[in-house]
Every structure is written in structure tokens, then in C-alpha cells.
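Have a look at the structure below before the remarks.
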Amino acid sequence: MLGSRRKECSIKYKRTHYFPNMPNALLADRKDKLTRTERKDITRNSLLQAALALMGEGRSFTSLGIREIAREAGMVPNAFYRHFRNTDELGLELVEEVGVTLRRLLREARQSGVTEVDIVRRSVKVYHQYVIENRLLFLFVSSERSGGSRILRMAIRNEVTHFTNEMAQDFRRLGVYKELSTASLQMVCGLIVTTMLAAAPEILDLPADQPMLENEMMENFVKQLQLVLLGASSWKDKPRTE
């Protein structure tokens, strides 16, 4: 039961050595050949997965204790402190993971040589797939956007700012909405990011065996973003008065 729960909440880590699908016997054999850094990465990721698994049972992140996270990961509590000073620091790593990985994927979807409509559809498809593959991670982010930890709320807002700034930079690079001031362009990108975050709970609540509902939701998502961009194309900045 525990193994299947951990498999469900596996994060697609790119910056560490993680082996979520390796059989226990092979992993035990592999551990004999791991470097110290790789061993540390596996232990650290086990703690992250344990926290997500507990949240998958309906717990809020702020209700989790260090002892139960360590127990879920099959470790003693002291092992937790070798990787994180407290639960907020663990939460910060989860926020960073979703921010860094998703920003990279969405930047790839906004490559040059495609129309604005294609960029929107590609971005929605990439975002939808990432949310589905990281269900518990997005339940965590959706909850902690207005959760009890000010540190995590601020970290999520900081990631939103990164998303907004990178999107505005890409729009400038692509030569779209050239007539908008920097402030107005960032406002438009902020609306897009907010719309994407608001869509995550709807994506997560949709039954897996309802393709028609999924297609309808995806089309509505695309239309919402297209409406934002339509407004951007019609927006006229007021001239500055001296």
C-alpha cells in the first residue's frame, strides 16, 4: 500500500539522482555502487515523497510533523535534520521543484516560429500534462497558495513573479504586443499565470475516464487565455502626462 502511494506521488526530478521505479532488489544492489551524493539525494527525495504521500491522504502541509514524515519515509527523525531544518524548508524545495521544472517546460512551448494560437495550445497541453503527472505536488501548491505558512505563500508568489517575468521576456523576444509598455505586458502575463494556477484544481478534480469532459475543459482553458490575449492586443496605454 505504501509503495503504491509513493509511486503515485513521484516527482520527475531533473536535478538529482532519483530511482522511483527501480525494484527494491535492484535498488539495494545499486545502492552499493552509489556515491555519497547519490545516497543523500535518494534519502532527501524519500522525505519529499513521504510528505506528499501524507498530503495525499487529505492532510494539510502545515499539520505534518517531522516525526511522521520521517516515519513515512522509513527513517528516524534525526535523519530529517540532515536534509532540512524544518518542514517549511522541505516545503520550499517542493515549491522550487514545480517552479523550475514547469518554467522550463513552458519556455520550450513558447519557441519561435509558431503562431500565438499554437503557443497557447502547446502551453495548455504541457501544463495539463505536468499537473496530471504531479497530482499531489499541485494539490500542495494549490493548498499552500492560501495556506497557513507565510514562508510558503511568499515562495509561491515569488515563483509566480518568475513565471510572469519570463513570459513577458519571451513575448518581447517573439515580437508580440510590441505596443504594450513593460508594466502592461507584465500585467497581461500575470493574468495568464493566475488563470493557469486557477485551472489546476479543475484539472485534478476531473475523472480520468471522461475524455469528452477533459477536451471540453481544455478548450475552455484555451479560450480563457485567448480572451486575455485578445484584450492585450486591443489595450492602449494612456500617454504619460508631464
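Just remember, in the C-alpha cells the first chain shown is A, the second B, etc., residues are 1-based per chain, and ligands are 1-based in the order shown.
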Skipping near chain neighbours, those fewer than 5 positions away, what residues fall within 9 Å of range 58-63 of chain A using only C-alpha atoms, listed as a PyMOL selection string?
chain A and resi 51-52+87-88+91+140+143-144+147-149
All residues 12 Å or closer to range 183-191 of chain A, only C-alpha atoms, same chain fewer than 2 positions away omitted, as a short mmCIF file (atom, residue, chain, number, x, y, z; two decimals) with C-alpha atoms, in the first residue's frame:
```cif
data_model
loop_
_atom_site.label_atom_id
_atom_site.label_comp_id
_atom_site.auth_asym_id
_atom_site.auth_seq_id
_atom_site.Cartn_x
_atom_site.Cartn_y
_atom_site.Cartn_z
CA ARG A 157 4.22 34.31 -5.05
CA GLU A 159 7.56 31.72 -8.38
CA VAL A 160 4.52 33.44 -9.91
CA THR A 161 6.67 36.55 -10.39
CA HIS A 162 9.36 34.45 -12.10
CA PHE A 163 6.71 32.94 -14.42
CA THR A 164 5.35 36.39 -15.23
CA ASN A 165 8.74 37.96 -15.94
CA GLU A 166 9.95 35.08 -18.12
CA MET A 167 6.72 35.09 -20.14
CA ALA A 168 6.99 38.85 -20.69
CA GLN A 169 10.61 38.42 -21.82
CA ASP A 170 9.58 35.70 -24.28
CA PHE A 171 6.78 37.85 -25.69
CA ARG A 172 9.29 40.66 -26.26
CA VAL A 176 4.31 40.28 -29.99
CA TYR A 177 2.39 43.04 -28.19
CA LYS A 178 5.19 45.47 -29.02
CA GLU A 179 2.88 48.43 -28.40
CA LEU A 180 2.39 47.50 -24.73
CA SER A 181 4.50 49.09 -22.05
CA VAL A 193 -0.28 32.81 -14.86
CA THR A 194 -3.15 33.39 -12.42
CA THR A 195 -5.58 31.74 -14.86
CA MET A 196 -3.25 28.73 -15.18
CA LEU A 197 -2.96 28.32 -11.41
CA ALA A 198 -6.72 28.60 -11.00
CA GLN A 224 -9.81 31.90 -21.44
CA LEU A 225 -6.17 32.55 -22.34
CA GLN A 226 -7.11 33.68 -25.84
CA LEU A 227 -9.53 36.21 -24.35
CA VAL A 228 -6.75 37.59 -22.17
CA LEU A 229 -4.50 37.92 -25.22
CA LEU A 230 -7.33 39.46 -27.27
CA GLY A 231 -7.69 42.11 -24.61
CA ALA A 232 -3.92 42.64 -24.68
CA SER A 233 -3.94 43.22 -28.43
CA SER A 234 -6.66 45.87 -28.04
CA TRP A 235 -5.21 47.59 -24.98
CA LYS A 236 -3.92 51.10 -25.44
CA ASP A 237 -1.62 52.54 -22.82
CA LYS A 238 -2.54 56.07 -21.83
#
```
Would you give me, as a PDB file with C-alpha atoms, in the first residue's frame, the residues in range 93-214 of chain A that DSSP reads as helix (DSSP H, G or I)?
```pdb
ATOM      1  CA  GLU A  93      12.033  22.625  -2.051  1.00  0.00           C
ATOM      2  CA  LEU A  94       8.691  21.335  -3.312  1.00  0.00           C
ATOM      3  CA  VAL A  95       7.762  24.861  -4.444  1.00  0.00           C
ATOM      4  CA  GLU A  96      11.127  25.283  -6.165  1.00  0.00           C
ATOM      5  CA  GLU A  97      10.788  21.946  -7.941  1.00  0.00           C
ATOM      6  CA  VAL A  98       7.440  22.754  -9.521  1.00  0.00           C
ATOM      7  CA  GLY A  99       8.593  26.282 -10.402  1.00  0.00           C
ATOM      8  CA  VAL A 100      11.907  25.411 -12.036  1.00  0.00           C
ATOM      9  CA  THR A 101      10.627  22.391 -13.978  1.00  0.00           C
ATOM     10  CA  LEU A 102       7.371  23.956 -15.165  1.00  0.00           C
ATOM     11  CA  ARG A 103       9.037  27.217 -16.220  1.00  0.00           C
ATOM     12  CA  ARG A 104      11.485  25.246 -18.359  1.00  0.00           C
ATOM     13  CA  LEU A 105       8.715  23.206 -19.988  1.00  0.00           C
ATOM     14  CA  LEU A 106       6.609  26.275 -20.754  1.00  0.00           C
ATOM     15  CA  ARG A 107       9.558  28.189 -22.175  1.00  0.00           C
ATOM     16  CA  GLU A 108      10.132  25.288 -24.554  1.00  0.00           C
ATOM     17  CA  ALA A 109       6.465  25.543 -25.593  1.00  0.00           C
ATOM     18  CA  GLU A 116       0.240  32.848 -30.915  1.00  0.00           C
ATOM     19  CA  VAL A 117      -2.665  30.388 -31.126  1.00  0.00           C
ATOM     20  CA  ASP A 118      -0.226  27.464 -31.346  1.00  0.00           C
ATOM     21  CA  ILE A 119       1.751  28.825 -28.391  1.00  0.00           C
ATOM     22  CA  VAL A 120      -1.415  28.934 -26.277  1.00  0.00           C
ATOM     23  CA  ARG A 121      -2.461  25.401 -27.218  1.00  0.00           C
ATOM     24  CA  ARG A 122       1.024  23.983 -26.708  1.00  0.00           C
ATOM     25  CA  SER A 123       1.342  25.711 -23.345  1.00  0.00           C
ATOM     26  CA  VAL A 124      -2.050  24.415 -22.179  1.00  0.00           C
ATOM     27  CA  LYS A 125      -1.146  20.876 -23.264  1.00  0.00           C
ATOM     28  CA  VAL A 126       2.231  20.983 -21.492  1.00  0.00           C
ATOM     29  CA  TYR A 127       0.707  22.446 -18.339  1.00  0.00           C
ATOM     30  CA  HIS A 128      -2.158  19.934 -18.277  1.00  0.00           C
ATOM     31  CA  GLN A 129       0.222  17.008 -18.665  1.00  0.00           C
ATOM     32  CA  TYR A 130       2.564  18.250 -15.952  1.00  0.00           C
ATOM     33  CA  VAL A 131      -0.311  18.788 -13.497  1.00  0.00           C
ATOM     34  CA  ILE A 132      -1.656  15.278 -14.168  1.00  0.00           C
ATOM     35  CA  GLU A 133       1.780  13.680 -13.733  1.00  0.00           C
ATOM     36  CA  ARG A 135      -1.028  15.463  -8.904  1.00  0.00           C
ATOM     37  CA  LEU A 136      -0.018  15.600  -5.255  1.00  0.00           C
ATOM     38  CA  LEU A 137       2.567  18.274  -5.894  1.00  0.00           C
ATOM     39  CA  PHE A 138      -0.109  20.550  -7.365  1.00  0.00           C
ATOM     40  CA  LEU A 139      -2.550  19.751  -4.570  1.00  0.00           C
ATOM     41  CA  PHE A 140       0.199  21.005  -2.264  1.00  0.00           C
ATOM     42  CA  VAL A 141       0.759  24.211  -4.293  1.00  0.00           C
ATOM     43  CA  SER A 142      -2.970  24.914  -4.660  1.00  0.00           C
ATOM     44  CA  SER A 143      -3.474  24.472  -0.924  1.00  0.00           C
ATOM     45  CA  GLU A 144      -0.442  26.454   0.217  1.00  0.00           C
ATOM     46  CA  ARG A 150       3.603  32.661   5.297  1.00  0.00           C
ATOM     47  CA  ILE A 151       7.020  31.426   4.140  1.00  0.00           C
ATOM     48  CA  LEU A 152       5.442  29.086   1.586  1.00  0.00           C
ATOM     49  CA  ARG A 153       2.860  31.650   0.476  1.00  0.00           C
ATOM     50  CA  MET A 154       5.672  34.115  -0.236  1.00  0.00           C
ATOM     51  CA  ALA A 155       7.710  31.446  -2.050  1.00  0.00           C
ATOM     52  CA  ILE A 156       4.758  30.613  -4.325  1.00  0.00           C
ATOM     53  CA  ARG A 157       4.220  34.310  -5.050  1.00  0.00           C
ATOM     54  CA  ASN A 158       7.889  34.592  -5.890  1.00  0.00           C
ATOM     55  CA  GLU A 159       7.561  31.725  -8.380  1.00  0.00           C
ATOM     56  CA  VAL A 160       4.519  33.440  -9.915  1.00  0.00           C
ATOM     57  CA  THR A 161       6.671  36.549 -10.385  1.00  0.00           C
ATOM     58  CA  HIS A 162       9.355  34.446 -12.102  1.00  0.00           C
ATOM     59  CA  PHE A 163       6.710  32.943 -14.423  1.00  0.00           C
ATOM     60  CA  THR A 164       5.350  36.393 -15.229  1.00  0.00           C
ATOM     61  CA  ASN A 165       8.737  37.955 -15.943  1.00  0.00           C
ATOM     62  CA  GLU A 166       9.945  35.077 -18.123  1.00  0.00           C
ATOM     63  CA  MET A 167       6.721  35.089 -20.135  1.00  0.00           C
ATOM     64  CA  ALA A 168       6.992  38.851 -20.692  1.00  0.00           C
ATOM     65  CA  GLN A 169      10.611  38.425 -21.824  1.00  0.00           C
ATOM     66  CA  ASP A 170       9.578  35.698 -24.285  1.00  0.00           C
ATOM     67  CA  PHE A 171       6.776  37.850 -25.688  1.00  0.00           C
ATOM     68  CA  ARG A 172       9.288  40.662 -26.261  1.00  0.00           C
ATOM     69  CA  ARG A 173      11.663  38.200 -27.938  1.00  0.00           C
ATOM     70  CA  LEU A 174       8.878  36.922 -30.184  1.00  0.00           C
ATOM     71  CA  THR A 182       6.557  46.779 -19.852  1.00  0.00           C
ATOM     72  CA  ALA A 183       4.150  47.286 -16.955  1.00  0.00           C
ATOM     73  CA  SER A 184       1.104  46.462 -19.103  1.00  0.00           C
ATOM     74  CA  LEU A 185       2.787  43.401 -20.634  1.00  0.00           C
ATOM     75  CA  GLN A 186       3.680  42.087 -17.186  1.00  0.00           C
ATOM     76  CA  MET A 187       0.078  42.665 -16.087  1.00  0.00           C
ATOM     77  CA  VAL A 188      -1.150  40.574 -19.048  1.00  0.00           C
ATOM     78  CA  CYS A 189       1.335  37.803 -18.271  1.00  0.00           C
ATOM     79  CA  GLY A 190       0.309  37.925 -14.616  1.00  0.00           C
ATOM     80  CA  LEU A 191      -3.323  37.340 -15.646  1.00  0.00           C
ATOM     81  CA  ILE A 192      -2.246  34.350 -17.734  1.00  0.00           C
ATOM     82  CA  VAL A 193      -0.276  32.807 -14.864  1.00  0.00           C
ATOM     83  CA  THR A 194      -3.147  33.390 -12.420  1.00  0.00           C
ATOM     84  CA  THR A 195      -5.577  31.738 -14.861  1.00  0.00           C
ATOM     85  CA  MET A 196      -3.253  28.734 -15.178  1.00  0.00           C
ATOM     86  CA  LEU A 197      -2.957  28.323 -11.409  1.00  0.00           C
ATOM     87  CA  ALA A 198      -6.717  28.597 -11.001  1.00  0.00           C
ATOM     88  CA  ALA A 199      -7.173  25.813 -13.582  1.00  0.00           C
ATOM     89  CA  ALA A 200      -5.063  23.297 -11.640  1.00  0.00           C
ATOM     90  CA  PRO A 201      -7.821  22.199  -9.184  1.00  0.00           C
ATOM     91  CA  GLU A 202     -10.235  21.711 -12.097  1.00  0.00           C
ATOM     92  CA  ILE A 203      -7.676  19.542 -13.891  1.00  0.00           C
ATOM     93  CA  LEU A 204      -7.092  17.491 -10.750  1.00  0.00           C
ATOM     94  CA  ASP A 205     -10.806  17.025  -9.998  1.00  0.00           C
ATOM     95  CA  PRO A 211     -12.181  12.226 -22.331  1.00  0.00           C
ATOM     96  CA  MET A 212     -15.061  14.388 -23.569  1.00  0.00           C
ATOM     97  CA  LEU A 213     -15.132  16.398 -20.346  1.00  0.00           C
ATOM     98  CA  GLU A 214     -11.356  16.701 -20.494  1.00  0.00           C
TER      99      GLU A 214
END
```
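Excluding Met75 in chain A itself and any same-chain residue fewer than 3 positions from it, the protein and nucleic acid residues within 12 Å of it, counting only C-alpha atoms, are Thr43, Arg44, Ser46, Leu47, Ala50, Ile66, Arg67, Glu68, Ile69, Ala70, Arg71, Glu72, Asn78, Ala79, Phe80, Tyr81 and Arg82 of chain A.
Minimum atom-to-atom distances from A:Arg39, A:Lys223, A:Arg145, A:Arg110 to His83 in chain A were compared using only C-alpha atoms, and the lowest value belongs to A:Arg39.
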Between CA of Met217 in chain A and CA of Asn134 in chain A, measure the distance and give it in Å to one decimal.
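Interatomic distance here is 18.6 Å.
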Hey, can you check how far CA of Gly56 in chain A sits from CA of Asn215 in chain A?
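Going from CA of Gly56 in chain A over to CA of Asn215 in chain A covers 25.8 Å.
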